[in-house]
file model.csv (CSV, C-alpha atoms and all ligand atoms)
chain,number,residue,atom,x,y,z
A,122,MET,CA,-128.0,-9.1,-66.4
A,123,ASP,CA,-131.4,-8.0,-65.1
A,124,PHE,CA,-133.4,-8.9,-68.1
A,125,GLU,CA,-134.6,-12.3,-69.4
A,126,TYR,CA,-134.8,-11.3,-73.1
A,127,ILE,CA,-132.2,-9.3,-75.0
A,128,ILE,CA,-135.0,-8.3,-77.4
A,129,GLU,CA,-138.6,-8.5,-76.7
A,130,ALA,CA,-141.7,-7.7,-78.8
A,131,ARG,CA,-144.9,-7.1,-76.8
A,132,ASP,CA,-148.2,-7.3,-78.7
A,133,LEU,CA,-146.7,-5.7,-81.8
A,134,THR,CA,-149.0,-4.6,-84.6
A,135,TYR,CA,-147.9,-3.0,-87.8
A,136,SER,CA,-149.4,-1.9,-91.1
A,137,TYR,CA,-147.5,-0.5,-94.1
A,138,GLU,CA,-150.5,1.7,-94.8
A,139,LYS,CA,-151.8,4.4,-92.5
A,140,LYS,CA,-155.5,4.4,-93.5
A,141,ASP,CA,-158.1,2.7,-91.3
A,142,GLY,CA,-158.8,-0.9,-92.2
A,143,ALA,CA,-155.5,-1.3,-94.0
A,144,PRO,CA,-154.1,-4.9,-94.0
A,145,MET,CA,-151.9,-5.7,-91.0
A,146,SER,CA,-148.5,-7.2,-91.5
A,147,LEU,CA,-147.9,-8.0,-87.8
A,148,LYS,CA,-150.9,-8.9,-85.7
A,149,GLY,CA,-150.2,-8.7,-82.0
A,150,VAL,CA,-146.8,-10.4,-82.1
A,151,SER,CA,-145.3,-11.1,-78.6
A,152,LEU,CA,-142.0,-13.0,-78.4
A,153,GLY,CA,-138.7,-12.9,-76.4
A,154,ILE,CA,-135.2,-13.5,-77.7
A,155,LYS,CA,-133.0,-15.0,-75.1
A,156,PRO,CA,-129.4,-13.8,-75.0
A,157,GLY,CA,-126.8,-16.2,-76.5
A,158,ILE,CA,-129.5,-18.6,-77.8
A,159,ARG,CA,-129.5,-19.6,-81.5
A,160,THR,CA,-132.8,-18.2,-82.6
A,161,VAL,CA,-134.7,-18.6,-85.9
A,162,ILE,CA,-137.8,-16.7,-87.0
A,163,LEU,CA,-139.4,-19.1,-89.3
A,164,GLY,CA,-142.3,-18.4,-91.7
A,165,ALA,CA,-143.5,-18.7,-95.3
A,166,ASN,CA,-143.3,-15.8,-97.8
A,167,GLY,CA,-145.2,-12.8,-96.5
A,168,ALA,CA,-145.5,-14.1,-93.0
A,169,GLY,CA,-144.0,-10.9,-91.5
A,170,LYS,CA,-140.3,-11.9,-90.8
A,171,SER,CA,-138.7,-8.9,-92.5
A,172,THR,CA,-141.3,-6.5,-91.1
A,173,LEU,CA,-140.5,-7.9,-87.6
A,174,PHE,CA,-136.8,-7.4,-88.1
A,175,TYR,CA,-137.3,-3.8,-89.1
A,176,HIS,CA,-138.8,-3.3,-85.7
A,177,PHE,CA,-135.9,-4.8,-83.8
A,178,ASN,CA,-133.5,-2.0,-84.7
A,179,GLY,CA,-136.2,0.7,-84.6
A,180,VAL,CA,-136.4,1.3,-88.4
A,181,PHE,CA,-140.2,0.7,-88.1
A,182,LYS,CA,-142.2,2.0,-85.2
A,183,PRO,CA,-145.1,-0.3,-84.2
A,184,LYS,CA,-148.6,0.9,-84.8
A,185,SER,CA,-149.3,-0.5,-81.3
A,186,GLY,CA,-147.4,-2.6,-78.8
A,187,GLU,CA,-143.7,-2.1,-78.0
A,188,VAL,CA,-140.2,-3.4,-78.6
A,189,LEU,CA,-137.7,-3.7,-75.7
A,190,TYR,CA,-134.0,-4.0,-75.8
A,191,ARG,CA,-132.3,-5.3,-72.7
A,192,GLY,CA,-135.6,-4.8,-70.9
A,193,ILE,CA,-136.0,-1.2,-71.9
A,194,PRO,CA,-138.6,0.0,-74.4
A,195,LEU,CA,-137.1,1.5,-77.6
A,196,CYS,CA,-137.1,5.2,-77.8
A,197,TYR,CA,-137.5,6.5,-81.4
A,198,ASP,CA,-135.3,9.6,-80.8
A,199,LYS,CA,-132.7,9.8,-83.6
A,200,GLU,CA,-129.7,10.0,-81.3
A,201,ILE,CA,-130.8,7.0,-79.2
A,202,LEU,CA,-131.6,4.9,-82.2
A,203,TYR,CA,-128.1,5.6,-83.5
A,204,GLN,CA,-126.7,4.2,-80.3
A,205,LEU,CA,-129.1,1.2,-80.5
A,206,ARG,CA,-127.8,0.4,-84.0
A,207,GLU,CA,-124.3,0.2,-82.6
A,208,ASP,CA,-125.5,-2.8,-80.5
A,209,ILE,CA,-127.9,-4.3,-83.0
A,210,ALA,CA,-126.9,-5.0,-86.6
A,211,VAL,CA,-129.5,-6.0,-89.0
A,212,VAL,CA,-128.5,-7.5,-92.4
A,213,VAL,CA,-131.5,-7.0,-94.5
A,214,GLN,CA,-132.8,-9.5,-97.0
A,215,ASN,CA,-132.0,-7.6,-100.2
A,216,PRO,CA,-128.3,-6.5,-100.2
A,217,ASP,CA,-129.1,-3.6,-102.6
A,218,GLU,CA,-131.0,-2.0,-99.7
A,219,GLN,CA,-127.9,-2.2,-97.5
A,220,ILE,CA,-125.0,-1.4,-99.8
A,221,PHE,CA,-124.6,2.2,-100.8
A,222,SER,CA,-120.9,2.9,-101.0
A,223,SER,CA,-119.1,2.7,-104.2
A,224,THR,CA,-116.5,0.1,-103.3
A,225,VAL,CA,-116.5,-3.0,-101.1
A,226,GLU,CA,-113.9,-1.5,-98.8
A,227,GLU,CA,-115.8,1.8,-98.3
A,228,ASP,CA,-119.0,-0.1,-97.6
A,229,VAL,CA,-117.5,-2.3,-94.9
A,230,ALA,CA,-115.6,0.7,-93.4
A,231,PHE,CA,-118.7,2.8,-93.1
A,232,GLY,CA,-119.9,1.6,-89.7
A,233,PRO,CA,-116.5,1.6,-87.9
A,234,MET,CA,-115.6,5.0,-89.5
A,235,ASN,CA,-118.9,6.5,-88.3
A,236,ARG,CA,-118.0,5.5,-84.8
A,237,ASN,CA,-114.7,7.4,-85.1
A,238,LEU,CA,-112.6,4.3,-84.4
A,239,PRO,CA,-108.8,4.8,-85.0
A,240,PRO,CA,-107.6,4.0,-88.6
A,241,ASP,CA,-105.7,0.9,-87.5
A,242,VAL,CA,-108.8,-0.5,-85.9
A,243,VAL,CA,-110.9,0.3,-88.9
A,244,GLU,CA,-108.3,-1.4,-91.1
A,245,SER,CA,-108.3,-4.6,-89.0
A,246,ARG,CA,-112.1,-4.7,-88.9
A,247,ILE,CA,-112.3,-4.4,-92.7
A,248,ARG,CA,-109.6,-7.1,-93.2
A,249,ASP,CA,-111.2,-9.5,-90.6
A,250,SER,CA,-114.7,-9.0,-91.8
A,251,LEU,CA,-113.9,-9.6,-95.5
A,252,PHE,CA,-111.8,-12.6,-94.6
A,253,LYS,CA,-114.7,-14.1,-92.6
A,254,VAL,CA,-117.1,-13.8,-95.6
A,255,GLY,CA,-114.4,-14.9,-98.1
A,256,MET,CA,-114.4,-11.5,-99.9
A,257,GLU,CA,-110.8,-10.3,-99.3
A,258,GLU,CA,-109.9,-10.3,-102.9
A,259,PHE,CA,-112.9,-8.1,-103.7
A,260,ARG,CA,-111.8,-5.3,-101.4
A,261,ASN,CA,-111.3,-2.7,-104.1
A,262,ARG,CA,-114.1,-3.8,-106.4
A,263,PRO,CA,-116.9,-1.4,-107.2
A,264,THR,CA,-120.0,-2.7,-105.4
A,265,THR,CA,-122.0,-2.4,-108.7
A,266,GLN,CA,-119.8,-5.1,-110.2
A,267,LEU,CA,-120.7,-7.8,-107.6
A,268,SER,CA,-123.0,-10.7,-108.0
A,269,TYR,CA,-126.1,-11.0,-105.7
A,270,GLY,CA,-124.4,-13.5,-103.4
A,271,GLN,CA,-121.2,-11.4,-103.3
A,272,LYS,CA,-123.2,-8.4,-102.3
A,273,LYS,CA,-124.9,-10.4,-99.6
A,274,ARG,CA,-121.5,-11.4,-98.3
A,275,VAL,CA,-120.3,-7.8,-98.3
A,276,ALA,CA,-123.5,-6.8,-96.4
A,277,ILE,CA,-122.8,-9.4,-93.8
A,278,ALA,CA,-119.1,-8.2,-93.6
A,279,GLY,CA,-120.4,-4.6,-93.0
A,280,ALA,CA,-122.4,-5.9,-90.0
A,281,LEU,CA,-119.5,-8.0,-88.6
A,282,ALA,CA,-117.3,-4.9,-88.8
A,283,MET,CA,-119.6,-3.2,-86.3
A,284,GLU,CA,-118.9,-6.1,-83.8
A,285,PRO,CA,-122.5,-5.9,-82.7
A,286,LYS,CA,-124.0,-7.5,-79.5
A,287,VAL,CA,-126.9,-8.8,-81.5
A,288,LEU,CA,-126.6,-9.8,-85.1
A,289,ILE,CA,-129.9,-10.2,-87.0
A,290,LEU,CA,-129.8,-11.7,-90.5
A,291,ASP,CA,-132.8,-11.7,-92.8
A,292,GLU,CA,-132.7,-14.8,-95.0
A,293,PRO,CA,-128.8,-15.0,-94.8
A,294,THR,CA,-128.4,-18.0,-97.0
A,295,ALA,CA,-130.9,-17.1,-99.7
A,296,GLY,CA,-129.1,-16.7,-103.0
A,297,LEU,CA,-125.8,-18.1,-101.7
A,298,ASP,CA,-124.2,-21.2,-103.2
A,299,PRO,CA,-124.0,-24.3,-100.9
A,300,GLN,CA,-120.5,-23.8,-99.7
A,301,MET,CA,-121.0,-20.2,-98.9
A,302,SER,CA,-124.3,-21.0,-97.2
A,303,GLN,CA,-122.4,-23.4,-95.0
A,304,GLU,CA,-119.7,-20.9,-94.4
A,305,VAL,CA,-122.2,-18.2,-93.4
A,306,MET,CA,-123.9,-20.6,-91.0
A,307,GLU,CA,-120.5,-21.5,-89.5
A,308,LEU,CA,-119.7,-17.8,-89.2
A,309,VAL,CA,-122.9,-17.1,-87.3
A,310,ASP,CA,-122.4,-20.2,-85.2
A,311,GLN,CA,-119.0,-19.0,-84.2
A,312,MET,CA,-120.4,-15.6,-83.4
A,313,CYS,CA,-122.9,-17.4,-81.1
A,314,MET,CA,-120.1,-19.4,-79.5
A,315,THR,CA,-118.2,-16.3,-78.6
A,316,GLY,CA,-121.1,-14.4,-77.1
A,317,THR,CA,-123.1,-12.6,-79.8
A,318,THR,CA,-126.8,-13.2,-79.9
A,319,VAL,CA,-127.7,-14.2,-83.5
A,320,ILE,CA,-131.2,-14.2,-84.9
A,321,ILE,CA,-131.9,-15.3,-88.4
A,322,SER,CA,-135.1,-15.5,-90.4
A,323,THR,CA,-135.7,-18.2,-93.0
A,324,HIS,CA,-138.3,-20.3,-94.6
A,325,ASP,CA,-135.8,-23.1,-94.9
A,326,VAL,CA,-137.1,-25.7,-92.5
A,327,ASP,CA,-133.9,-27.9,-92.8
A,328,LEU,CA,-131.7,-25.0,-91.8
A,329,ALA,CA,-134.0,-23.9,-89.0
A,330,TYR,CA,-134.2,-27.5,-87.6
A,331,ALA,CA,-130.5,-28.2,-87.8
A,332,TRP,CA,-129.3,-24.9,-86.3
A,333,ALA,CA,-131.8,-23.3,-84.0
A,334,ASP,CA,-132.1,-23.8,-80.2
A,335,GLU,CA,-135.4,-22.0,-80.4
A,336,ILE,CA,-137.7,-21.0,-83.2
A,337,HIS,CA,-140.5,-18.5,-83.4
A,338,VAL,CA,-143.0,-19.2,-86.2
A,339,LEU,CA,-145.0,-16.5,-88.0
A,340,ARG,CA,-148.1,-17.2,-90.0
A,341,LEU,CA,-149.7,-14.3,-91.9
A,342,GLY,CA,-148.6,-11.8,-89.3
A,343,HIS,CA,-149.5,-13.9,-86.3
A,344,LEU,CA,-147.0,-15.6,-84.0
A,345,VAL,CA,-148.1,-19.2,-83.8
A,346,TYR,CA,-145.2,-21.0,-82.0
A,347,SER,CA,-142.2,-20.2,-79.8
A,348,GLY,CA,-140.1,-23.0,-78.5
A,349,LYS,CA,-138.0,-26.0,-79.4
A,350,PRO,CA,-138.1,-26.8,-83.2
A,351,GLU,CA,-139.1,-30.5,-82.8
A,352,GLU,CA,-142.3,-29.7,-80.8
A,353,PHE,CA,-143.5,-27.4,-83.6
A,354,PHE,CA,-142.8,-30.0,-86.3
A,355,GLU,CA,-144.7,-32.6,-84.3
A,356,ASP,CA,-147.9,-30.6,-85.1
A,357,ARG,CA,-148.3,-31.5,-88.8
A,358,ASP,CA,-151.4,-29.4,-89.2
A,359,SER,CA,-149.8,-26.3,-87.9
A,360,VAL,CA,-146.7,-26.9,-90.1
A,361,ALA,CA,-149.0,-27.2,-93.2
A,362,LEU,CA,-151.1,-24.2,-92.2
A,363,SER,CA,-148.0,-22.1,-91.8
A,364,GLY,CA,-147.0,-22.9,-95.4
A,365,LEU,CA,-144.0,-24.9,-94.3
A,366,SER,CA,-142.9,-28.6,-94.7
A,367,LEU,CA,-141.2,-31.1,-92.4
A,368,PRO,CA,-137.4,-31.0,-92.2
A,369,HIS,CA,-135.7,-33.9,-93.9
A,370,THR,CA,-134.0,-35.2,-90.8
A,371,PHE,CA,-137.2,-34.9,-88.8
A,372,SER,CA,-139.1,-37.0,-91.4
A,373,ILE,CA,-136.5,-39.7,-91.7
A,374,ASN,CA,-136.3,-40.0,-87.9
A,375,HIS,CA,-140.1,-40.3,-87.8
A,376,SER,CA,-140.0,-43.1,-90.4
A,377,LEU,CA,-137.5,-45.0,-88.2
A,378,GLU,CA,-140.2,-45.3,-85.6
A,379,ALA,CA,-142.3,-47.3,-88.1
A,380,ILE,CA,-139.4,-49.3,-89.6
A,381,ARG,CA,-137.2,-50.0,-86.6
A,382,GLY,CA,-139.5,-49.3,-83.7
A,383,LEU,CA,-137.2,-46.6,-82.5
A,384,PRO,CA,-138.9,-43.8,-80.6
A,385,ASP,CA,-138.9,-40.3,-82.1
A,386,ALA,CA,-137.1,-38.9,-79.1
A,387,PRO,CA,-134.3,-37.9,-78.8
A,388,TYR,CA,-134.7,-36.0,-82.0
A,389,PRO,CA,-131.6,-36.0,-84.2
A,390,ARG,CA,-131.1,-32.6,-85.9
A,391,THR,CA,-128.0,-33.5,-87.9
A,392,ASN,CA,-126.9,-36.4,-90.1
A,393,SER,CA,-124.3,-37.5,-87.5
A,394,GLN,CA,-126.9,-37.5,-84.8
A,395,LEU,CA,-129.2,-39.6,-87.0
A,396,LEU,CA,-126.4,-42.0,-87.8
A,397,ALA,CA,-125.5,-42.3,-84.1
A,398,LYS,CA,-129.1,-43.4,-83.4
A,399,LEU,CA,-128.9,-46.0,-86.1
A,400,ALA,CA,-125.3,-47.3,-85.7
A,401,PRO,CA,-124.8,-50.8,-84.2
A,402,SER,CA,-123.0,-50.7,-80.9
A,403,ASP,CA,-120.0,-52.6,-82.4
A,404,SER,CA,-119.5,-50.1,-85.2
A,405,ASP,CA,-115.8,-49.6,-86.0
A,406,PHE,CA,-115.6,-45.8,-85.7
A,407,GLY,CA,-112.4,-43.7,-85.9
A,408,ARG,CA,-111.6,-41.4,-83.1
A,409,ILE,CA,-111.9,-37.6,-83.1
A,410,ARG,CA,-109.0,-35.5,-81.9
A,411,ILE,CA,-109.7,-31.8,-81.1
A,412,VAL,CA,-106.6,-29.6,-81.4
A,413,PRO,CA,-106.8,-25.9,-80.5
A,414,VAL,CA,-104.3,-24.0,-82.5
A,415,SER,CA,-102.3,-20.8,-82.0
A,416,GLN,CA,-99.8,-18.9,-84.2
A,417,ASP,CA,-96.9,-21.1,-83.3
A,418,SER,CA,-98.7,-24.5,-83.3
A,419,GLN,CA,-97.4,-27.5,-85.1
A,420,ILE,CA,-99.9,-28.8,-87.6
A,421,ASP,CA,-99.5,-32.4,-88.6
A,422,THR,CA,-102.0,-33.3,-91.4
A,423,ASP,CA,-100.5,-36.8,-92.1
A,424,GLY,CA,-102.7,-39.8,-91.7
A,425,ASP,CA,-105.9,-38.4,-90.2
A,426,VAL,CA,-108.7,-36.8,-92.0
A,427,VAL,CA,-108.3,-33.1,-91.1
A,428,GLY,CA,-111.0,-30.6,-90.5
A,429,VAL,CA,-110.6,-26.9,-89.6
A,430,TYR,CA,-113.0,-24.8,-87.7
A,431,GLY,CA,-112.8,-21.2,-86.6
A,432,PHE,CA,-111.5,-17.9,-88.1
A,433,GLU,CA,-108.0,-18.1,-86.5
A,434,ALA,CA,-107.5,-21.8,-87.4
A,435,LYS,CA,-108.6,-21.1,-91.0
A,436,LYS,CA,-106.3,-18.1,-91.2
A,437,LEU,CA,-103.4,-20.2,-89.9
A,438,PHE,CA,-104.0,-22.9,-92.5
A,439,ARG,CA,-104.2,-20.4,-95.2
A,440,ASP,CA,-101.1,-18.4,-94.2
A,441,ARG,CA,-99.1,-21.6,-94.0
A,442,GLY,CA,-100.5,-23.0,-97.3
A,443,ILE,CA,-101.9,-26.1,-95.6
A,444,SER,CA,-105.1,-27.6,-97.0
A,445,ALA,CA,-107.6,-29.3,-94.8
A,446,ASP,CA,-109.9,-32.1,-96.0
A,447,ILE,CA,-113.0,-30.6,-94.4
A,448,ASN,CA,-113.1,-26.8,-94.6
A,449,PHE,CA,-116.9,-26.2,-94.1
A,450,ASN,CA,-119.2,-27.3,-91.4
A,451,ALA,CA,-116.2,-29.2,-89.9
A,452,ILE,CA,-117.8,-30.2,-86.6
A,453,GLU,CA,-120.4,-32.2,-88.5
A,454,GLY,CA,-118.0,-33.2,-91.2
A,455,CYS,CA,-115.5,-34.6,-88.7
A,456,CYS,CA,-118.2,-36.6,-86.8
A,457,LEU,CA,-119.3,-38.1,-90.1
A,458,SER,CA,-115.8,-38.9,-91.1
A,459,ALA,CA,-115.1,-40.7,-87.8
A,460,MET,CA,-118.3,-42.6,-88.1
A,461,GLN,CA,-117.1,-43.8,-91.5
A,462,GLY,CA,-114.1,-45.3,-89.7
A,463,HIS,CA,-111.5,-42.6,-90.2
A,464,ASP,CA,-109.3,-41.2,-87.4
A,465,THR,CA,-110.1,-37.5,-87.6
A,466,THR,CA,-108.5,-34.4,-86.3
A,467,ILE,CA,-110.3,-31.1,-86.0
A,468,TYR,CA,-108.0,-28.0,-85.7
A,469,CYS,CA,-109.9,-25.1,-84.1
A,470,ASP,CA,-109.6,-21.7,-82.5
A,471,GLN,CA,-108.6,-21.9,-78.8
A,472,GLU,CA,-111.7,-20.3,-77.6
A,473,LEU,CA,-114.0,-22.7,-79.5
A,474,ALA,CA,-112.4,-26.0,-78.3
A,475,ALA,CA,-114.7,-26.5,-75.3
A,476,THR,CA,-117.9,-25.8,-77.3
A,477,ILE,CA,-116.8,-28.1,-80.0
A,478,ARG,CA,-116.2,-30.9,-77.5
A,479,TYR,CA,-119.6,-30.2,-76.0
A,480,ARG,CA,-121.3,-30.2,-79.4
A,481,ILE,CA,-119.7,-33.5,-80.3
A,482,GLY,CA,-120.5,-34.8,-76.8
A,483,ILE,CA,-124.2,-34.3,-77.6
A,484,LEU,CA,-123.9,-37.3,-80.0
A,485,THR,CA,-123.8,-39.6,-77.0
A,486,MET,CA,-127.5,-38.8,-76.4
A,487,PHE,CA,-128.3,-40.7,-79.6
A,488,GLY,CA,-126.3,-43.9,-79.3
A,489,HIS,CA,-123.0,-45.3,-80.3
A,490,VAL,CA,-120.5,-42.5,-81.0
A,491,PRO,CA,-116.8,-42.1,-81.9
A,492,GLU,CA,-114.3,-41.6,-79.1
A,493,VAL,CA,-113.2,-38.0,-78.6
A,494,VAL,CA,-109.6,-37.5,-77.4
A,501,LIG,N1,-143.5,-2.1,-98.6
A,501,LIG,C1,-144.7,-2.7,-98.3
A,501,LIG,N2,-145.9,-2.2,-98.6
A,501,LIG,C2,-147.0,-2.8,-98.3
A,501,LIG,N3,-147.1,-4.1,-97.8
A,501,LIG,C3,-145.9,-4.7,-97.6
A,501,LIG,C4,-144.6,-4.1,-97.8
A,501,LIG,N4,-143.7,-5.0,-97.5
A,501,LIG,C5,-144.3,-6.1,-97.1
A,501,LIG,N5,-145.6,-5.9,-97.1
A,501,LIG,C6,-146.6,-6.9,-96.7
A,501,LIG,O1,-146.4,-7.3,-95.3
A,501,LIG,C7,-146.5,-8.7,-95.1
A,501,LIG,C8,-145.3,-9.3,-94.5
A,501,LIG,O2,-144.2,-9.1,-95.4
A,501,LIG,P1,-142.7,-9.4,-95.0
A,501,LIG,O3,-141.9,-8.9,-96.1
A,501,LIG,O4,-142.5,-9.0,-93.6
A,501,LIG,O5,-142.8,-11.0,-95.1
A,501,LIG,P2,-141.6,-12.1,-95.0
A,501,LIG,O6,-142.0,-13.1,-94.0
A,501,LIG,O7,-140.3,-11.4,-94.8
A,501,LIG,O8,-141.6,-12.7,-96.4
A,501,LIG,P3,-140.5,-13.3,-97.4
A,501,LIG,O9,-140.2,-14.7,-97.0
A,501,LIG,O10,-141.1,-13.3,-98.7
A,501,LIG,O11,-139.3,-12.4,-97.3
A,501,LIG,C9,-146.9,-9.3,-96.5
A,501,LIG,O12,-148.3,-9.5,-96.6
A,501,LIG,C10,-146.4,-8.2,-97.5
A,501,LIG,O13,-147.2,-8.2,-98.7
A,502,MG,MG,-138.6,-11.2,-95.8
call {"tool": "encode", "arguments": {"input": "model.csv", "output": "structure tokens", "more": "lines below"}}
Ligand SMILES: Nc1ncnc2c1ncn2[C@@H]1O[C@H](COP(=O)(O)OP(=O)(O)OP(=O)(O)O)[C@@H](O)[C@H]1O
Ligand SMILES: [Mg+2]
result
Amino acid sequence: MDFEYIIEARDLTYSYEKKDGAPMSLKGVSLGIKPGIRTVILGANGAGKSTLFYHFNGVFKPKSGEVLYRGIPLCYDKEILYQLREDIAVVVQNPDEQIFSSTVEEDVAFGPMNRNLPPDVVESRIRDSLFKVGMEEFRNRPTTQLSYGQKKRVAIAGALAMEPKVLILDEPTAGLDPQMSQEVMELVDQMCMTGTTVIISTHDVDLAYAWADEIHVLRLGHLVYSGKPEEFFEDRDSVALSGLSLPHTFSINHSLEAIRGLPDAPYPRTNSQLLAKLAPSDSDFGRIRIVPVSQDSQIDTDGDVVGVYGFEAKKLFRDRGISADINFNAIEGCCLSAMQGHDTTIYCDQELAATIRYRIGILTMFGHVPEVV
């Protein structure tokens, strides 16, 4: 790789109106998206998030400044943009702007068919993508008969079916119910773990804080911060001026400093990290077993609290009619379960086991933690 940023914006300026003196929606935005890093573009309503995303796949051409993909400035030639969109999939905020086929199946098939992929590949892309967003049963539904959240899931499936190198999601969880929000975040997390660069926009500070490795904050078209989430939230004035609030976990952690005399750092981002910081060193935790599964694996759900993480593991459970105790956000759920004293097993895809172990290992930074076997 001979580039630092997979996508870079340099001094980007954009106005929706052509006339002189028209209001600017982006005002000299410069930022770099690092490959493989979980990135959030954070900003209040009207901050410029969607406008920025339309620049990332060349739908909008900047008034001044430039966008680079893999270190090369975008060229706005139709043919080259077509190739670019094979690599970069943007799921727009409003699914009605994205879905234009008459059935769910046709919509998800659109990208792979346009690439002239063989029919069996198109079929497996449709099946896998709809499975990942929990919309398999809706495959033959007219798209006009879907709820808002269902349309959103179909739009995400359409992007997954392209198997993009960069997946950009504009407000992916807005309008989704809590379980589906968690599922979508798990989905994008898994994409990250397996090599896709994922960028999401949101004004949900809790989501940004818990998920992002790096955030870029927009305020009225200006970029006001790029870096680790906790450093931004330390600056209360900037948070307030940006029309945002403090994440829940961040606030509680800060209060602990006053109540318990615990320093803010290290900053817990999740409930399990917060609990690890608080737990007495003689807490009677259960242990966590991480079990990668394959098609012929034995699954023993007796005794332990069972979590399942990853597409393959979930498919295996479903095909065998096995139900898990924790189906969503299972890394966090299993940590919490073990901290409540239960021996816990997390069944996962083979390729995710090392990352899951690493993620759970991060807990040790915070204090007393369950044993991982
Ligand atoms: N089609 C349009 N025509 C004119 N101005 C627009 C248009 N779309 C957006 N804007 C303006 O551009 C600015 C940035 O809007 P944008 O939609 O990018 O914000 P956002 O951060 O995505 O907000 P939200 O959280 O509400 O989705 C806003 O001031 C908005 O009013
Ligand atoms: Mg928007």
call {"tool": "residues_near_ligand", "arguments": {"input": "model.csv", "ligand": "ligand MG 502 (chain A)", "cutoff": "12 Å", "atoms": "all atoms listed in the file", "output": "VMD selection string"}}
result
chain A and resid 146 162 to 175 212 to 215 290 to 293 295 321 to 324 339 342
call {"tool": "residues_around", "arguments": {"input": "model.csv", "residues": "region 407-409 of chain A", "least_positions_apart": "5", "cutoff": "8 Å", "atoms": "only C-alpha atoms", "output": "PyMOL selection string"}}
result
chain A and resi 455-456+458-467+491-494
call {"tool": "write_last_selection", "arguments": {"input": "model.csv", "atoms": "C-alpha atoms", "output": "short mmCIF file (atom, residue, chain, number, x, y, z; two decimals), keeping the file's coordinate frame"}}
result
data_model
loop_
_atom_site.label_atom_id
_atom_site.label_comp_id
_atom_site.auth_asym_id
_atom_site.auth_seq_id
_atom_site.Cartn_x
_atom_site.Cartn_y
_atom_site.Cartn_z
CA CYS A 455 -115.50 -34.60 -88.70
CA CYS A 456 -118.20 -36.60 -86.80
CA SER A 458 -115.80 -38.90 -91.10
CA ALA A 459 -115.10 -40.70 -87.80
CA MET A 460 -118.30 -42.60 -88.10
CA GLN A 461 -117.10 -43.80 -91.50
CA GLY A 462 -114.10 -45.30 -89.70
CA HIS A 463 -111.50 -42.60 -90.20
CA ASP A 464 -109.30 -41.20 -87.40
CA THR A 465 -110.10 -37.50 -87.60
CA THR A 466 -108.50 -34.40 -86.30
CA ILE A 467 -110.30 -31.10 -86.00
CA PRO A 491 -116.80 -42.10 -81.90
CA GLU A 492 -114.30 -41.60 -79.10
CA VAL A 493 -113.20 -38.00 -78.60
CA VAL A 494 -109.60 -37.50 -77.40
#
call {"tool": "residues_around", "arguments": {"input": "model.csv", "residues": "region 216-228 of chain A", "least_positions_apart": "4", "cutoff": "8 Å", "atoms": "all atoms listed in the file", "output": "PyMOL selection string"}}
result
chain A and resi 212+247+259-265+269+272-273+275-276+279
call {"tool": "write_last_selection", "arguments": {"input": "model.csv", "atoms": "C-alpha atoms", "output": "PDB file, in the coordinates of the input"}}
result
ATOM      1  CA  VAL A 212    -128.500  -7.500 -92.400  1.00  0.00           C
ATOM      2  CA  ILE A 247    -112.300  -4.400 -92.700  1.00  0.00           C
ATOM      3  CA  PHE A 259    -112.900  -8.100-103.700  1.00  0.00           C
ATOM      4  CA  ARG A 260    -111.800  -5.300-101.400  1.00  0.00           C
ATOM      5  CA  ASN A 261    -111.300  -2.700-104.100  1.00  0.00           C
ATOM      6  CA  ARG A 262    -114.100  -3.800-106.400  1.00  0.00           C
ATOM      7  CA  PRO A 263    -116.900  -1.400-107.200  1.00  0.00           C
ATOM      8  CA  THR A 264    -120.000  -2.700-105.400  1.00  0.00           C
ATOM      9  CA  THR A 265    -122.000  -2.400-108.700  1.00  0.00           C
ATOM     10  CA  TYR A 269    -126.100 -11.000-105.700  1.00  0.00           C
ATOM     11  CA  LYS A 272    -123.200  -8.400-102.300  1.00  0.00           C
ATOM     12  CA  LYS A 273    -124.900 -10.400 -99.600  1.00  0.00           C
ATOM     13  CA  VAL A 275    -120.300  -7.800 -98.300  1.00  0.00           C
ATOM     14  CA  ALA A 276    -123.500  -6.800 -96.400  1.00  0.00           C
ATOM     15  CA  GLY A 279    -120.400  -4.600 -93.000  1.00  0.00           C
TER      16      GLY A 279
END
call {"tool": "atom_distance", "arguments": {"input": "model.csv", "atom1": "CA of Thr317 (chain A)", "atom2": "CA of Leu288 (chain A)"}}
result
6.9 Å
call {"tool": "closest_residue", "arguments": {"input": "model.csv", "among": "A:Pro233, A:Leu152, A:Ile483, A:Leu344", "to": "ligand LIG 501 (chain A)", "atoms": "only C-alpha atoms and all ligand atoms"}}
result
A:Leu344
call {"tool": "atom_distance", "arguments": {"input": "model.csv", "atom1": "CA of Pro299 (chain A)", "atom2": "CA of Leu395 (chain A)"}}
result
21.3 Å
call {"tool": "closest_residue", "arguments": {"input": "model.csv", "among": "A:Glu433, A:Glu129, A:Asp358, A:Glu258", "to": "Gly153 (chain A)", "atoms": "only C-alpha atoms"}}
result
A:Glu129
call {"tool": "residues_around", "arguments": {"input": "model.csv", "residues": "region 437-440 of chain A", "least_positions_apart": "5", "cutoff": "9 Å", "atoms": "all atoms listed in the file", "output": "PyMOL selection string"}}
result
chain A and resi 414-416+420+429+432+445
call {"tool": "closest_residue", "arguments": {"input": "model.csv", "among": "A:Val319, A:Ala361, A:Ala143, A:Ala130", "to": "ligand LIG 501 (chain A)", "atoms": "all atoms listed in the file"}}
result
A:Ala143
call {"tool": "residues_around", "arguments": {"input": "model.csv", "residues": "Asn448 (chain A)", "least_positions_apart": "4", "cutoff": "12 Å", "atoms": "only C-alpha atoms", "output": "list in words"}}
result
Gln300, Met301, Gln303, Glu304, Glu307, Val426, Val427, Gly428, Val429, Tyr430, Gly431, Phe432, Ala434, Lys435, Lys436, Phe438, Arg439, Ile443, Ser444, Ile452, Glu453, Gly454, Cys455, Ile467, Tyr468 and Cys469 of chain A
